[in-house]
Amino acid sequence: MLIEFVLTLLLATASVFAANFVGVGSRLLQLPVGLILLIAIRLVTYSLLALVQLTQFANLIFYVALLAICGFGIWHWRKQLRLTDFALAAAVSVISVAQVWVLGVFPPKHGDSLYILAMAEKLSTGAGPAGFNNSNAIKRGFAYPAMLSISEPGTYYAAFTFFNFACLLLLAFWLVKALTKTLNQRQVTLVFAGLTVAAFTSAMGLRLMVYINGHLMFGLAILAAVSVILLSRQRGSLDRAGLFILLACQIVLTTSRPEGVAFAVLVALPILEQRILKPLLVATLIALPMLSFTIWLVIFDSYLLESIPLGAVTLLALGVIGGVITSLPFVGRLLKHSTTIAIATFGLLLLAVTALAPEQMAGGFAAQAVNLFGLGGDWGFTFWILLAVIAISAGTIKQVSELALMLKLGLLFALASFSSKLADAGQSGTISIGRVAWQDSLNRMWIHFVMLFLVIAVVAFATQLQKGKTVSKLEL
Amino acid sequence: MGLKLNLSVALFTSACAVVAAANMFEARYNPPISIFQPVQTSQQLITEKHWWHGAPLVIESYFGSTDIANLGNFSNGGLEFESSMLYAAGLGELDVVNPPLDYPGSVIAPGGKLQTYEMQITCPHSDSGMCNLLLAYDPEATKPSATVLVKTGVSDFILLDAKHIDQLAGN
């Protein structure tokens, strides 16, 4: 327990400093943004070491990186530092460690979780990832086991999952507060607290806080990317902090889930369609997901590469060519409505498959309806209340462009999730979008977006309640 | 105006509290989180076995007589696996070339009679030709008392008796 506490405190403190380095001043935001940056650092350092088969030093190097960030931060801000700057980080660390090691709250057993634990424990020994070359390993992702493995050899970092949840909650609270600065903050906080309690008291809502899987990490990166999108829309530019956060989100998204590479590109679209970036940055936002994905497959010695002619070279070439083409001026003009086009594409794909296999698709849609609204997926009444509040506040959402954009992104992510589920089932030659069960992968994918819908509901309802017609400008 | 606003917020939070109560009432039938003494079970119990590509995996004396009695609690003489009984992960794509009876999902013949069987396991995606399998068992599992689930491929499972892990051929 003591080792996990020290590790969590170190991770939390380094998160605060890392966020400060990129220019994030908000205390609520520092912990979640810093964590995303540190996960990206862990993935990059681990991958580089795996490429030269030196993974036995991966944990040591990550600890040194954390200490170096803290050390440099203390030296750099030595005159401004106050202990209260780290009060939140310390509190989150204590709660995260205590919930597992004092209260003994352990996650539900699930086949995926067990596989991830086995991976994490193996990685923690420094053995390297090359043995995890089957489809199961790829489906379970790389980022989350890599973070769980920053533990003592042969164990996993048990407090990390709740720490991740706490960061997601802080990020959502920051976004709500930042968008409602002009409103009565006491009332906004009450609305946020009420809806959070209502949403996260269902079996799934409680389970996701400690559930061993990459969903929470994916959800954290999704909400952070949405925040950057809103920031860039409001300012008409993307500053250094926003860019760093977005790039880190892309790395985390790509390596958290097999469909993450597509989501990493999707979160870049709303920014690309603004045409505010230089060509090199445009190319980077398109190429980085493919680069991250390829490195993941290479270091895992994945069988997927065997099924692609020239393997990694082809994937890398696709990323680079895609990036270069996207950065061309005339293509940039075509990207103007890319988010809408992406929504239409996923929608048409689902319609086409429904036309081809109406029975399977109808069954799948019915299963998802039962999962979300019929208690089949253990979500209780979470989506009922979120939907009800969003429906009540529909007038405000329509008027406020930021809320409309967030809802549009929620729709995009939902349709993309349906499509990725189709692709997953398609690998085994079947057409399916899920079944009635909490373990159903599409049912679990709602963990990625539930916090986004909660933020939309709270901001829209609070704004409507106080007769607001706009939201505040975001400041990091 | 202020009073009306406060009233609206109070009504909203009350509605949220009602939903939370309904959620928790519904969740009590399906406890989402196991609360027990913190132990890192997989760390304590996990073991690692290797065998070479194509080597037969022979499992004998599948369950002892005591365990047969336990198996009586399972329906239709077959053994349905549940994720709550598992603590194992197959590393390396495993194909069962010579599947046992009632495979997948059940390795016990109808009537619950034990079988001795042999199966051939290959690892088509392993460059080294060596299959790598992590085995462990879950001490929380209720029935049978000591079982191990071995994952063979993407979605199929076979139950092994933990007592006989060491009898895996080709270690």
# chains A, B, ... in the order shown; residues from 1 in each chain; ligands from 1
$ select_by_dssp --residues "range 42-186 of chain A" --states "alpha helix (DSSP H)" --output "ChimeraX atom specification"
/A:42-51,58-76,87-101,111-124,135-140,143-148,160-179,185-186
$ atom_distance --atom1 "CA of Gly377 in chain A" --atom2 "CA of Leu442 in chain A"
9.8 Å
$ residues_around --residues "range 238-247 of chain A" --least-positions-apart "2" --cutoff "6 Å" --atoms "only C-alpha atoms" --output "mmCIF file with N, CA, C and O atoms, in the first residue's frame"
data_model
loop_
_atom_site.group_PDB
_atom_site.id
_atom_site.type_symbol
_atom_site.label_atom_id
_atom_site.label_comp_id
_atom_site.auth_asym_id
_atom_site.auth_seq_id
_atom_site.Cartn_x
_atom_site.Cartn_y
_atom_site.Cartn_z
ATOM 1 N N VAL A 22 3.081 22.902 -19.974
ATOM 2 C CA VAL A 22 2.474 23.200 -21.279
ATOM 3 C C VAL A 22 1.552 24.413 -21.207
ATOM 4 O O VAL A 22 0.947 24.785 -22.207
ATOM 5 N N GLY A 23 1.414 25.004 -20.022
ATOM 6 C CA GLY A 23 0.657 26.252 -19.921
ATOM 7 C C GLY A 23 -0.748 26.114 -19.375
ATOM 8 O O GLY A 23 -1.598 26.976 -19.601
ATOM 9 N N ALA A 225 -9.978 15.931 -25.490
ATOM 10 C CA ALA A 225 -9.936 16.350 -26.904
ATOM 11 C C ALA A 225 -11.124 17.258 -27.223
ATOM 12 O O ALA A 225 -10.975 18.261 -27.934
ATOM 13 N N VAL A 228 -10.353 20.685 -26.043
ATOM 14 C CA VAL A 228 -9.445 21.391 -26.956
ATOM 15 C C VAL A 228 -10.210 21.876 -28.199
ATOM 16 O O VAL A 228 -9.984 22.990 -28.683
ATOM 17 N N SER A 232 -10.450 25.737 -29.342
ATOM 18 C CA SER A 232 -10.010 26.230 -30.654
ATOM 19 C C SER A 232 -11.157 26.922 -31.401
ATOM 20 O O SER A 232 -10.937 27.885 -32.121
ATOM 21 N N CYS A 249 -3.634 13.285 -26.504
ATOM 22 C CA CYS A 249 -4.919 12.565 -26.573
ATOM 23 C C CYS A 249 -4.916 11.583 -27.739
ATOM 24 O O CYS A 249 -5.418 10.463 -27.625
ATOM 25 N N GLN A 250 -4.362 12.011 -28.865
ATOM 26 C CA GLN A 250 -4.323 11.121 -30.036
ATOM 27 C C GLN A 250 -3.504 9.862 -29.747
ATOM 28 O O GLN A 250 -3.905 8.761 -30.119
#
